>>> print(open('start.txt').read())   # compact mmCIF, C-alpha atoms and all ligand atoms
# COMPACT_ATOMS: atom_id res chain seq x y z
CA MET A 69 37.62 86.46 13.16
CA ASP A 70 37.51 90.22 13.10
CA VAL A 71 39.27 91.52 16.19
CA THR A 72 39.26 95.28 16.69
CA PRO A 73 42.27 96.28 18.77
CA PRO A 74 41.27 98.00 22.00
CA SER A 75 41.54 101.77 21.69
CA PRO A 76 44.30 103.25 23.88
CA PRO A 77 43.16 104.98 27.07
CA PRO A 78 42.77 108.77 26.72
CA PRO A 79 45.80 110.80 27.79
CA GLN A 80 45.39 112.20 31.29
CA ILE A 81 46.68 114.97 33.48
CA ASP A 82 46.77 114.49 37.23
CA VAL A 83 45.48 117.68 38.82
CA PHE A 84 46.28 118.39 42.46
CA TRP A 85 43.88 120.65 44.31
CA ASP A 86 42.53 121.42 47.80
CA GLU A 87 39.70 123.88 48.36
CA GLY A 88 41.36 125.10 51.56
CA MET A 89 43.41 127.36 49.28
CA LEU A 90 40.27 129.46 48.75
CA ALA A 91 40.56 130.71 52.36
CA HIS A 92 43.18 133.30 51.43
CA ASP A 93 41.34 136.62 51.00
CA PRO A 94 43.55 139.58 50.03
CA GLY A 95 40.64 142.02 50.44
CA ARG A 96 39.39 144.98 48.43
CA GLY A 97 40.61 148.40 47.37
CA VAL A 98 41.84 150.34 44.40
CA PHE A 99 42.98 147.44 42.26
CA ASP A 100 45.51 145.45 44.37
CA SER A 101 46.45 148.19 46.83
CA GLY A 102 44.00 147.47 49.65
CA HIS A 103 43.48 151.24 49.69
CA ASP A 104 40.06 152.94 49.84
CA PRO A 105 40.35 156.49 48.47
CA GLY A 106 36.89 157.37 49.82
CA PHE A 107 35.38 158.48 46.52
CA LEU A 108 34.61 155.13 44.85
CA GLU A 109 31.16 153.60 45.24
CA VAL A 110 32.47 150.10 44.43
CA LEU A 111 35.82 148.87 45.67
CA GLU A 112 36.93 145.95 43.56
CA ARG A 113 38.23 142.70 44.92
CA HIS A 114 41.97 142.16 44.88
CA PRO A 115 42.84 140.58 41.50
CA GLU A 116 44.22 137.45 43.20
CA ASN A 117 40.85 136.52 44.71
CA PRO A 118 39.37 133.02 45.09
CA ASP A 119 36.90 133.40 42.18
CA ARG A 120 39.61 133.15 39.53
CA VAL A 121 40.64 129.74 40.80
CA LYS A 122 37.05 128.58 41.42
CA ASN A 123 36.48 129.00 37.68
CA MET A 124 39.68 127.11 36.86
CA VAL A 125 38.52 124.20 39.01
CA SER A 126 35.02 124.17 37.55
CA ILE A 127 36.09 124.40 33.91
CA LEU A 128 38.36 121.38 34.43
CA LYS A 129 35.54 119.51 36.23
CA ARG A 130 32.71 120.41 33.88
CA GLY A 131 34.35 121.62 30.64
CA PRO A 132 35.00 119.37 27.62
CA ILE A 133 38.48 118.56 28.97
CA SER A 134 37.02 116.82 32.04
CA PRO A 135 37.45 113.22 30.72
CA PHE A 136 41.18 113.88 30.48
CA ILE A 137 41.54 115.04 34.10
CA ARG A 138 42.24 112.86 37.12
CA TRP A 139 41.71 114.65 40.45
CA ASN A 140 44.12 114.23 43.35
CA PRO A 141 44.03 115.72 46.84
CA GLY A 142 46.49 118.37 47.98
CA ARG A 143 48.15 118.63 51.38
CA PRO A 144 49.72 121.32 53.53
CA ALA A 145 53.50 121.65 53.44
CA ARG A 146 55.08 120.09 56.51
CA PHE A 147 56.80 122.88 58.32
CA MET A 148 60.11 121.28 59.32
CA LEU A 149 60.31 118.69 56.56
CA ASP A 150 59.36 120.74 53.52
CA ILE A 151 60.12 124.36 54.24
CA ALA A 152 62.12 125.28 57.32
CA CYS A 153 64.93 122.97 56.21
CA ILE A 154 65.78 125.25 53.28
CA PRO A 155 68.93 127.25 53.99
CA LYS A 156 68.50 131.05 54.32
CA PHE A 157 64.77 130.51 54.52
CA SER A 158 64.17 130.20 58.24
CA GLU A 159 64.17 133.86 59.29
CA TYR A 160 61.63 134.79 56.62
CA ILE A 161 59.44 131.82 57.53
CA GLU A 162 59.52 132.87 61.18
CA GLU A 163 58.30 136.31 60.11
CA LEU A 164 55.34 134.72 58.27
CA VAL A 165 54.44 132.44 61.19
CA LYS A 166 54.57 135.39 63.58
CA ALA A 167 52.48 137.58 61.25
CA ASP A 168 49.89 134.80 61.03
CA ALA A 169 49.80 134.32 64.81
CA THR A 170 49.14 138.02 65.36
CA GLY A 171 46.24 138.30 62.89
CA GLY A 172 48.20 139.00 59.70
CA LYS A 173 49.73 142.09 58.06
CA PRO A 174 50.62 143.55 54.68
CA LEU A 175 54.02 142.14 53.67
CA CYS A 176 54.74 144.33 50.67
CA SER A 177 52.85 146.17 47.95
CA GLY A 178 49.68 144.24 47.02
CA THR A 179 50.61 141.28 49.23
CA PHE A 180 48.45 140.80 52.31
CA LEU A 181 48.85 138.01 54.83
CA ASN A 182 45.35 137.94 56.33
CA PRO A 183 43.69 135.40 58.63
CA GLY A 184 43.57 132.16 56.60
CA SER A 185 46.35 133.22 54.23
CA TRP A 186 49.21 131.30 55.85
CA ALA A 187 47.23 128.04 55.93
CA ALA A 188 46.40 128.54 52.24
CA ALA A 189 50.04 129.26 51.41
CA LEU A 190 51.13 126.07 53.18
CA LEU A 191 48.49 124.15 51.19
CA ALA A 192 49.70 125.67 47.91
CA ALA A 193 53.30 124.71 48.65
CA GLY A 194 52.42 121.20 49.90
CA THR A 195 50.06 120.54 47.00
CA THR A 196 52.78 121.50 44.52
CA LEU A 197 55.19 119.19 46.34
CA SER A 198 52.59 116.38 46.11
CA SER A 199 52.38 116.90 42.35
CA MET A 200 56.15 116.69 42.09
CA GLU A 201 56.27 113.56 44.30
CA HIS A 202 53.65 112.01 42.00
CA ILE A 203 56.07 112.38 39.07
CA LEU A 204 59.20 111.47 41.03
CA ASN A 205 57.54 108.30 42.34
CA ALA A 206 56.57 107.36 38.76
CA LYS A 207 52.84 107.42 39.52
CA GLY A 208 52.29 109.60 36.46
CA LYS A 209 54.16 111.82 34.04
CA LEU A 210 51.85 114.82 33.67
CA ALA A 211 50.88 116.64 36.85
CA TYR A 212 49.32 120.04 37.36
CA ALA A 213 49.41 121.85 40.71
CA LEU A 214 46.29 124.05 40.68
CA VAL A 215 47.37 126.31 43.51
CA ARG A 216 46.96 129.73 45.06
CA PRO A 217 48.32 131.98 46.51
CA PRO A 218 50.82 131.99 43.65
CA GLY A 219 54.53 131.60 44.30
CA HIS A 220 56.96 132.61 41.57
CA HIS A 221 57.75 136.07 42.99
CA ALA A 222 58.47 134.74 46.50
CA GLN A 223 62.19 134.81 47.14
CA PRO A 224 64.14 132.86 49.75
CA THR A 225 64.02 135.86 52.10
CA GLN A 226 60.93 137.84 51.14
CA ALA A 227 57.36 137.91 49.90
CA ASP A 228 56.57 139.71 46.66
CA GLY A 229 53.78 140.18 44.12
CA TYR A 230 50.90 138.31 45.91
CA CYS A 231 53.32 135.40 46.68
CA PHE A 232 54.41 134.01 50.07
CA LEU A 233 56.15 130.70 49.35
CA ASN A 234 57.70 129.76 46.04
CA ASN A 235 55.63 126.68 45.23
CA ALA A 236 57.45 125.81 41.99
CA GLY A 237 60.85 126.55 43.52
CA LEU A 238 60.19 124.18 46.44
CA ALA A 239 59.16 121.48 43.95
CA VAL A 240 62.33 122.02 41.92
CA GLN A 241 64.41 121.72 45.12
CA LEU A 242 62.60 118.48 45.95
CA GLY A 243 63.42 117.19 42.46
CA LEU A 244 67.11 118.00 42.95
CA ASN A 245 67.11 116.42 46.42
CA SER A 246 65.54 113.28 44.95
CA GLY A 247 68.38 112.82 42.49
CA CYS A 248 67.34 114.77 39.40
CA ALA A 249 70.56 116.17 37.99
CA LYS A 250 69.07 118.81 35.70
CA ILE A 251 65.71 120.56 35.78
CA ALA A 252 64.43 123.22 33.37
CA VAL A 253 61.75 125.75 34.34
CA ILE A 254 59.76 127.56 31.65
CA ASP A 255 57.68 130.41 33.10
CA ILE A 256 55.05 132.06 30.87
CA ASP A 257 53.27 134.13 33.53
CA VAL A 258 53.25 137.73 32.29
CA HIS A 259 55.54 138.78 35.15
CA TYR A 260 59.18 137.90 35.67
CA GLY A 261 59.57 134.72 37.76
CA ASN A 262 62.11 136.58 39.89
CA GLY A 263 61.67 134.44 42.99
CA THR A 264 62.37 131.19 41.19
CA ALA A 265 65.31 132.81 39.38
CA GLU A 266 66.70 134.11 42.69
CA GLY A 267 66.45 130.69 44.34
CA PHE A 268 68.62 129.03 41.69
CA TYR A 269 70.64 132.04 40.50
CA LYS A 270 74.01 130.47 41.33
CA SER A 271 73.14 127.00 40.16
CA ASP A 272 73.83 125.34 36.82
CA ASP A 273 71.63 122.30 37.50
CA VAL A 274 68.45 124.39 37.14
CA LEU A 275 67.81 126.31 33.93
CA THR A 276 65.22 129.03 34.54
CA ILE A 277 63.67 130.72 31.49
CA SER A 278 61.05 133.41 31.96
CA LEU A 279 58.98 135.04 29.21
CA HIS A 280 57.41 138.21 30.53
CA MET A 281 56.23 141.74 30.01
CA ASN A 282 59.07 144.26 30.18
CA HIS A 283 57.94 145.64 33.57
CA GLY A 284 61.32 146.06 35.28
CA SER A 285 61.79 146.32 39.05
CA TRP A 286 58.68 147.34 40.99
CA GLY A 287 60.19 148.27 44.32
CA PRO A 288 62.16 146.87 47.26
CA SER A 289 60.33 143.52 47.23
CA HIS A 290 61.16 143.03 43.55
CA PRO A 291 64.65 144.47 42.94
CA GLN A 292 65.25 142.33 39.83
CA ASN A 293 64.61 143.85 36.41
CA GLY A 294 63.92 140.72 34.39
CA SER A 295 66.24 142.12 31.74
CA ILE A 296 68.31 140.00 29.36
CA ASP A 297 71.56 140.68 31.23
CA GLU A 298 70.36 139.06 34.49
CA LEU A 299 71.95 135.78 33.51
CA GLY A 300 72.83 134.10 36.81
CA GLU A 301 76.03 134.15 38.85
CA GLY A 302 79.08 131.99 39.37
CA ARG A 303 78.53 128.52 37.98
CA GLY A 304 74.92 129.58 37.41
CA PHE A 305 75.99 132.15 34.82
CA GLY A 306 73.97 131.60 31.66
CA PHE A 307 71.39 129.39 33.42
CA ASN A 308 68.87 132.16 34.07
CA LEU A 309 67.49 133.41 30.78
CA ASN A 310 65.03 136.29 30.57
CA VAL A 311 62.83 136.99 27.59
CA PRO A 312 61.24 140.41 28.14
CA LEU A 313 58.66 140.78 25.36
CA PRO A 314 57.02 143.98 24.13
CA ASN A 315 53.43 144.81 25.05
CA GLY A 316 51.05 143.25 22.56
CA THR A 317 53.38 140.41 21.58
CA GLY A 318 50.44 138.09 20.86
CA ASP A 319 50.15 134.47 19.73
CA ARG A 320 52.55 134.62 16.79
CA GLY A 321 55.18 136.58 18.74
CA TYR A 322 55.05 134.04 21.60
CA LYS A 323 55.31 131.14 19.19
CA HIS A 324 58.36 132.79 17.64
CA ALA A 325 59.94 133.26 21.10
CA MET A 326 59.23 129.63 22.00
CA THR A 327 60.59 128.26 18.72
CA GLU A 328 63.64 130.50 18.41
CA LEU A 329 64.68 130.89 22.06
CA VAL A 330 63.09 128.41 24.44
CA VAL A 331 63.09 125.21 22.40
CA PRO A 332 66.74 125.23 21.21
CA THR A 333 67.94 126.25 24.69
CA VAL A 334 66.05 123.54 26.54
CA ARG A 335 67.19 120.99 23.94
CA LYS A 336 70.80 121.98 24.51
CA PHE A 337 70.39 121.85 28.29
CA ASP A 338 68.70 118.43 28.00
CA PRO A 339 66.89 118.34 31.37
CA GLU A 340 65.70 115.26 33.22
CA LEU A 341 62.55 117.03 34.34
CA LEU A 342 60.55 119.97 33.02
CA VAL A 343 58.56 122.43 35.14
CA PHE A 344 56.05 124.56 33.23
CA VAL A 345 55.03 127.61 35.25
CA ILE A 346 51.80 129.02 33.83
CA GLY A 347 49.98 132.32 34.32
CA GLN A 348 47.00 133.39 32.23
CA ASP A 349 47.84 137.03 32.96
CA SER A 350 49.67 137.03 29.61
CA SER A 351 46.21 136.82 27.97
CA ALA A 352 44.64 139.53 25.82
CA PHE A 353 42.13 140.54 28.48
CA ASP A 354 44.01 140.37 31.74
CA PRO A 355 43.90 143.40 34.06
CA ASN A 356 47.57 142.84 35.03
CA GLY A 357 49.18 142.30 31.63
CA ARG A 358 49.40 143.52 28.06
CA GLN A 359 50.86 140.53 26.21
CA CYS A 360 47.67 139.67 24.32
CA LEU A 361 47.84 135.88 24.11
CA THR A 362 44.59 134.17 23.16
CA MET A 363 43.49 130.58 23.73
CA ALA A 364 45.13 129.58 20.43
CA GLY A 365 48.47 130.92 21.66
CA TYR A 366 48.25 129.06 24.98
CA TRP A 367 47.24 125.88 23.15
CA GLU A 368 50.33 126.15 20.95
CA ILE A 369 52.69 126.88 23.86
CA GLY A 370 51.27 123.86 25.72
CA ARG A 371 51.87 121.69 22.65
CA ILE A 372 55.48 122.88 22.30
CA VAL A 373 56.28 122.28 25.98
CA ARG A 374 54.77 118.78 25.81
CA GLU A 375 56.94 118.03 22.78
CA LEU A 376 60.04 119.10 24.72
CA ALA A 377 59.01 116.85 27.61
CA ASP A 378 58.46 113.89 25.27
CA ASP A 379 61.88 114.38 23.68
CA HIS A 380 63.95 115.09 26.79
CA THR A 381 62.29 114.04 30.04
CA GLU A 382 60.42 110.91 28.97
CA GLY A 383 57.29 113.01 29.14
CA ARG A 384 57.77 114.02 32.78
CA LEU A 385 56.20 117.46 33.10
CA LEU A 386 55.09 119.34 36.20
CA ILE A 387 52.77 122.29 35.57
CA VAL A 388 52.39 124.91 38.31
CA GLN A 389 49.68 127.59 38.44
CA GLU A 390 50.67 131.23 39.02
CA GLY A 391 48.75 134.39 38.03
CA GLY A 392 45.80 134.95 35.68
CA TYR A 393 43.24 137.50 36.86
CA HIS A 394 40.45 137.75 34.29
CA ILE A 395 37.82 135.70 36.07
CA THR A 396 36.45 134.00 32.93
CA TYR A 397 39.17 134.13 30.33
CA SER A 398 41.89 132.77 32.66
CA ALA A 399 39.87 129.57 33.02
CA TYR A 400 39.40 129.30 29.24
CA CYS A 401 43.13 129.91 28.62
CA LEU A 402 44.01 127.27 31.21
CA HIS A 403 41.68 124.83 29.41
CA ALA A 404 43.47 125.62 26.11
CA THR A 405 46.95 125.25 27.64
CA LEU A 406 46.16 121.82 29.06
CA GLU A 407 44.60 120.72 25.75
CA GLY A 408 47.91 121.60 24.10
CA VAL A 409 49.85 119.72 26.77
CA LEU A 410 47.61 116.67 26.29
CA GLY A 411 48.45 116.69 22.58
CA LEU A 412 44.80 116.70 21.52
CA PRO A 413 44.42 117.02 17.75
CA ASN A 414 41.86 119.84 17.73
CA PRO A 415 40.71 122.48 20.23
CA LEU A 416 37.80 121.27 22.38
CA LEU A 417 36.56 124.71 23.33
CA GLU A 418 35.88 127.76 21.21
CA ASP A 419 37.48 131.06 22.19
CA PRO A 420 34.63 133.33 23.34
CA ILE A 421 36.54 136.60 22.96
CA ALA A 422 39.41 136.20 20.49
CA TYR A 423 39.25 139.27 18.33
CA TYR A 424 42.45 141.03 19.28
CA PRO A 425 44.44 142.28 16.28
CA GLU A 426 48.11 141.28 16.21
CA ASP A 427 51.19 143.02 14.91
CA GLU A 428 54.18 140.79 15.50
CA ALA A 429 56.86 142.85 13.71
CA LEU A 430 58.36 144.36 16.87
CA SER A 431 58.23 141.16 18.92
CA PHE A 432 59.98 139.22 16.13
CA LYS A 433 62.75 141.84 16.11
CA VAL A 434 63.11 141.66 19.91
CA VAL A 435 63.22 137.86 19.93
CA ASP A 436 65.84 137.77 17.18
CA SER A 437 68.06 140.27 18.99
CA ILE A 438 67.79 138.28 22.25
CA LYS A 439 68.82 135.19 20.28
CA GLN A 440 71.92 137.00 19.01
CA TYR A 441 72.73 138.24 22.53
CA TRP A 442 72.48 134.73 24.00
CA LYS A 443 74.77 133.36 21.29
CA GLU A 444 77.41 135.94 22.13
CA THR A 445 77.06 135.90 25.91
CA VAL A 446 75.85 132.57 27.24
CA PRO A 447 78.68 130.03 27.37
CA PHE A 448 76.56 126.90 26.99
CA LEU A 449 74.73 128.35 23.96
CA ARG A 450 77.85 129.36 22.03
CA GLU A 451 78.32 127.19 19.01
ZN ZN B 1 51.83 137.29 36.94
>>> encode(input="start.txt", output="structure tokens", more="lines below")
Ligand SMILES: [Zn+2]
Amino acid sequence: MDVTPPSPPPPQIDVFWDEGMLAHDPGRGVFDSGHDPGFLEVLERHPENPDRVKNMVSILKRGPISPFIRWNPGRPARFMLDIACIPKFSEYIEELVKADATGGKPLCSGTFLNPGSWAAALLAAGTTLSSMEHILNAKGKLAYALVRPPGHHAQPTQADGYCFLNNAGLAVQLGLNSGCAKIAVIDIDVHYGNGTAEGFYKSDDVLTISLHMNHGSWGPSHPQNGSIDELGEGRGFGFNLNVPLPNGTGDRGYKHAMTELVVPTVRKFDPELLVFVIGQDSSAFDPNGRQCLTMAGYWEIGRIVRELADDHTEGRLLIVQEGGYHITYSAYCLHATLEGVLGLPNPLLEDPIAYYPEDEALSFKVVDSIKQYWKETVPFLRE
């Protein structure tokens, strides 16, 4: 008798989403300033507007990746249980609650708490926590929190860079509280994940690695530079690693940084859980970044991170959405990233606008000098 073995079920990612997050409207102005100079006929929407995420939702629902996606509801963060319990946090949270109760206010440059924003921020935090709980409770290994407003600039005591609550940071804290001894965070948003770094700066049980544009500090809400010498403090020294990459780094430069810096470091750290913080603002066409990744680059990064998860965390991987402001291309780059994470053999979707020339010579040099610096400076990476 000819018995064909049943084909294995397709790999799946559990996506957590709630459309209530669309209610946050940061307004219009000159770029992200909220300012009307009086001489422009058309004031553009704030880059972190709901449309960017609407396209991310729809491409996952209707794009070729849709059979690999399982949709899960989000939930608001519970005030006392999830947020207010975090030490140092309470005064800042009170400020946000008060601002919301009085109709909202600008919190810092580009960051506007408007009517509806606080509820959306609570949903983003709670939905990320749900995704983490999904993994911690062994309901699945791959989870993606499709959330906005973003979170990785939010610090324990202040808002920054369109972010109110640090969604990924809260999820990492939940992982630690639930008994995970070591968690690694890889952040590929084009901006420094300063809030997440700040939250775990003195801790050696969380390794934070951020690959970003070399943008430096951008004011009082973002005092960190994201430079290579911001390494953590006390027992956390060496457990915050920054990879500032030159403008125009591109697909090959990012792959080099992943292979030479991120992979060996995460392998040495050997985490129990991996958190992959993604922002499509490192794409070639983003208004907020100049790093020039294309879909192929995101696909490859997704593949590398999945491989790390398979080797070190039994495949347990939480993905958290941050920036990404090109309304169309961010959705395409997200699609490509998740294809890489799923380990699909070939791209499902063609890149509609990949024609950016690459010159990786400088980025290779920068990556190799960071590698040398880590070897000399970071205790756990010394041979
Ligand atoms: Zn960003």
>>> closest_residue(input="start.txt", among="A:Gly172, A:Pro74, A:Gly102, A:Pro217", to="Ala188 in chain A", atoms="all atoms listed in the file")
A:Pro217
>>> residues_around(input="start.txt", residues="range 77-79 of chain A", least_positions_apart="5", cutoff="9 Å", atoms="all atoms listed in the file", output="count of residues only")
6
>>> closest_residue(input="start.txt", among="A:Gly229, A:Pro141, A:Pro118, A:Pro312", to="Ala325 in chain A", atoms="only C-alpha atoms")
A:Pro312
>>> residues_around(input="start.txt", residues="Leu376 in chain A", least_positions_apart="2", cutoff="12 Å", atoms="only C-alpha atoms", output="PyMOL selection string")
chain A and resi 252-254+326-327+330-344+369-374+378-385+409
>>> residues_around(input="start.txt", residues="range 289-295 of chain A", least_positions_apart="4", cutoff="7 Å", atoms="all atoms listed in the file", output="list in words")
Cys176, Gln226, Ala227, Asp228, Tyr260, Asn262, Gly284, Ser285, Asn310 and Pro312 of chain A
>>> residues_near_ligand(input="start.txt", ligand="ligand ZN 1 (chain B)", cutoff="9 Å", atoms="all atoms listed in the file", output="list in words")
Pro218, His220, His221, Gly229, Ile256, Asp257, Val258, His259, Tyr260, Gly261, His280, Ile346, Gly347, Gln348, Asp349, Ser350, Asn356, Gly357, Glu390, Gly391, Gly392 and Tyr393 of chain A
>>> residues_around(input="start.txt", residues="Val121 in chain A", least_positions_apart="4", cutoff="10 Å", atoms="all atoms listed in the file", output="ChimeraX atom specification")
/A:87,89-90,116-117,125-127,214-217,389,391-393,395-396,398-399
>>> atom_distance(input="start.txt", atom1="CA of Ala429 in chain A", atom2="CA of Glu298 in chain A")
25.1 Å
>>> closest_residue(input="start.txt", among="A:Leu128, A:Val388, A:Gln359, A:Ala352", to="Leu238 in chain A", atoms="all atoms listed in the file")
A:Val388
>>> closest_residue(input="start.txt", among="A:Glu444, A:Asp436, A:Glu163, A:Glu368", to="Pro413 in chain A", atoms="all atoms listed in the file")
A:Glu368
>>> axis_aligned_box(input="start.txt", around="range 102-116 of chain A", padding_each_side="8 Å", output="JSON")
{"center_x": 37.7, "center_y": 148.0, "center_z": 45.7, "size_x": 29.1, "size_y": 37.0, "size_z": 24.3}
>>> closest_residue(input="start.txt", among="A:Ile133, A:Gly243, A:Phe307, A:Pro105", to="Pro447 in chain A", atoms="all atoms listed in the file")
A:Phe307
>>> atom_distance(input="start.txt", atom1="CA of Arg143 in chain A", atom2="CA of Ser278 in chain A")
27.6 Å
>>> closest_residue(input="start.txt", among="A:Val345, A:Ile203, A:Cys231, A:Leu313", to="Ser431 in chain A", atoms="only C-alpha atoms")
A:Leu313
>>> residues_around(input="start.txt", residues="Leu181 in chain A", least_positions_apart="2", cutoff="8 Å", atoms="all atoms listed in the file", output="VMD selection string")
chain A and resid 94 167 to 168 172 to 175 179 183 185 to 186
>>> atom_distance(input="start.txt", atom1="CA of Pro415 in chain A", atom2="CA of Ser351 in chain A")
17.2 Å
>>> residues_near_point(input="start.txt", point="(48.9, 128.3, 59.7)", cutoff="12 Å", atoms="all atoms listed in the file", output="count of residues only")
30
>>> decode(input="start.txt", residues="range 283-331 of chain A", atoms="C-alpha atoms", output="compact mmCIF listing (two decimals), in the first residue's frame")
# COMPACT_ATOMS: atom_id res chain seq x y z
CA HIS A 283 22.04 60.10 15.26
CA GLY A 284 23.37 60.87 18.75
CA SER A 285 21.36 62.60 21.47
CA TRP A 286 18.39 64.63 20.23
CA GLY A 287 17.60 66.69 23.29
CA PRO A 288 16.54 66.45 26.93
CA SER A 289 14.11 63.57 26.31
CA HIS A 290 16.86 61.54 24.63
CA PRO A 291 20.13 62.26 26.49
CA GLN A 292 21.75 58.98 25.37
CA ASN A 293 24.07 59.02 22.37
CA GLY A 294 23.77 55.42 21.23
CA SER A 295 27.55 55.37 20.91
CA ILE A 296 29.70 52.27 21.35
CA ASP A 297 30.94 53.35 24.79
CA GLU A 298 27.45 53.33 26.37
CA LEU A 299 27.97 49.81 27.61
CA GLY A 300 25.83 49.56 30.75
CA GLU A 301 26.70 50.13 34.40
CA GLY A 302 27.64 48.09 37.43
CA ARG A 303 26.91 44.44 36.88
CA GLY A 304 25.22 45.50 33.64
CA PHE A 305 28.53 46.67 32.19
CA GLY A 306 29.00 45.06 28.79
CA PHE A 307 25.33 44.03 28.52
CA ASN A 308 24.21 47.04 26.50
CA LEU A 309 25.85 46.96 23.09
CA ASN A 310 25.37 49.71 20.54
CA VAL A 311 26.06 49.34 16.85
CA PRO A 312 25.86 52.82 15.30
CA LEU A 313 26.04 52.26 11.54
CA PRO A 314 26.89 54.81 8.85
CA ASN A 315 24.17 56.28 6.64
CA GLY A 316 23.60 54.07 3.62
CA THR A 317 24.77 50.87 5.31
CA GLY A 318 22.41 48.75 3.19
CA ASP A 319 21.63 45.03 3.03
CA ARG A 320 25.19 43.74 2.85
CA GLY A 321 26.42 46.06 5.61
CA TYR A 322 23.58 44.95 7.92
CA LYS A 323 24.25 41.30 7.18
CA HIS A 324 27.90 41.87 8.05
CA ALA A 325 26.92 43.56 11.34
CA MET A 326 24.54 40.71 12.19
CA THR A 327 27.07 38.00 11.36
CA GLU A 328 30.15 39.61 12.91
CA LEU A 329 28.65 41.36 15.95
CA VAL A 330 25.14 40.24 16.86
CA VAL A 331 25.29 36.50 16.22
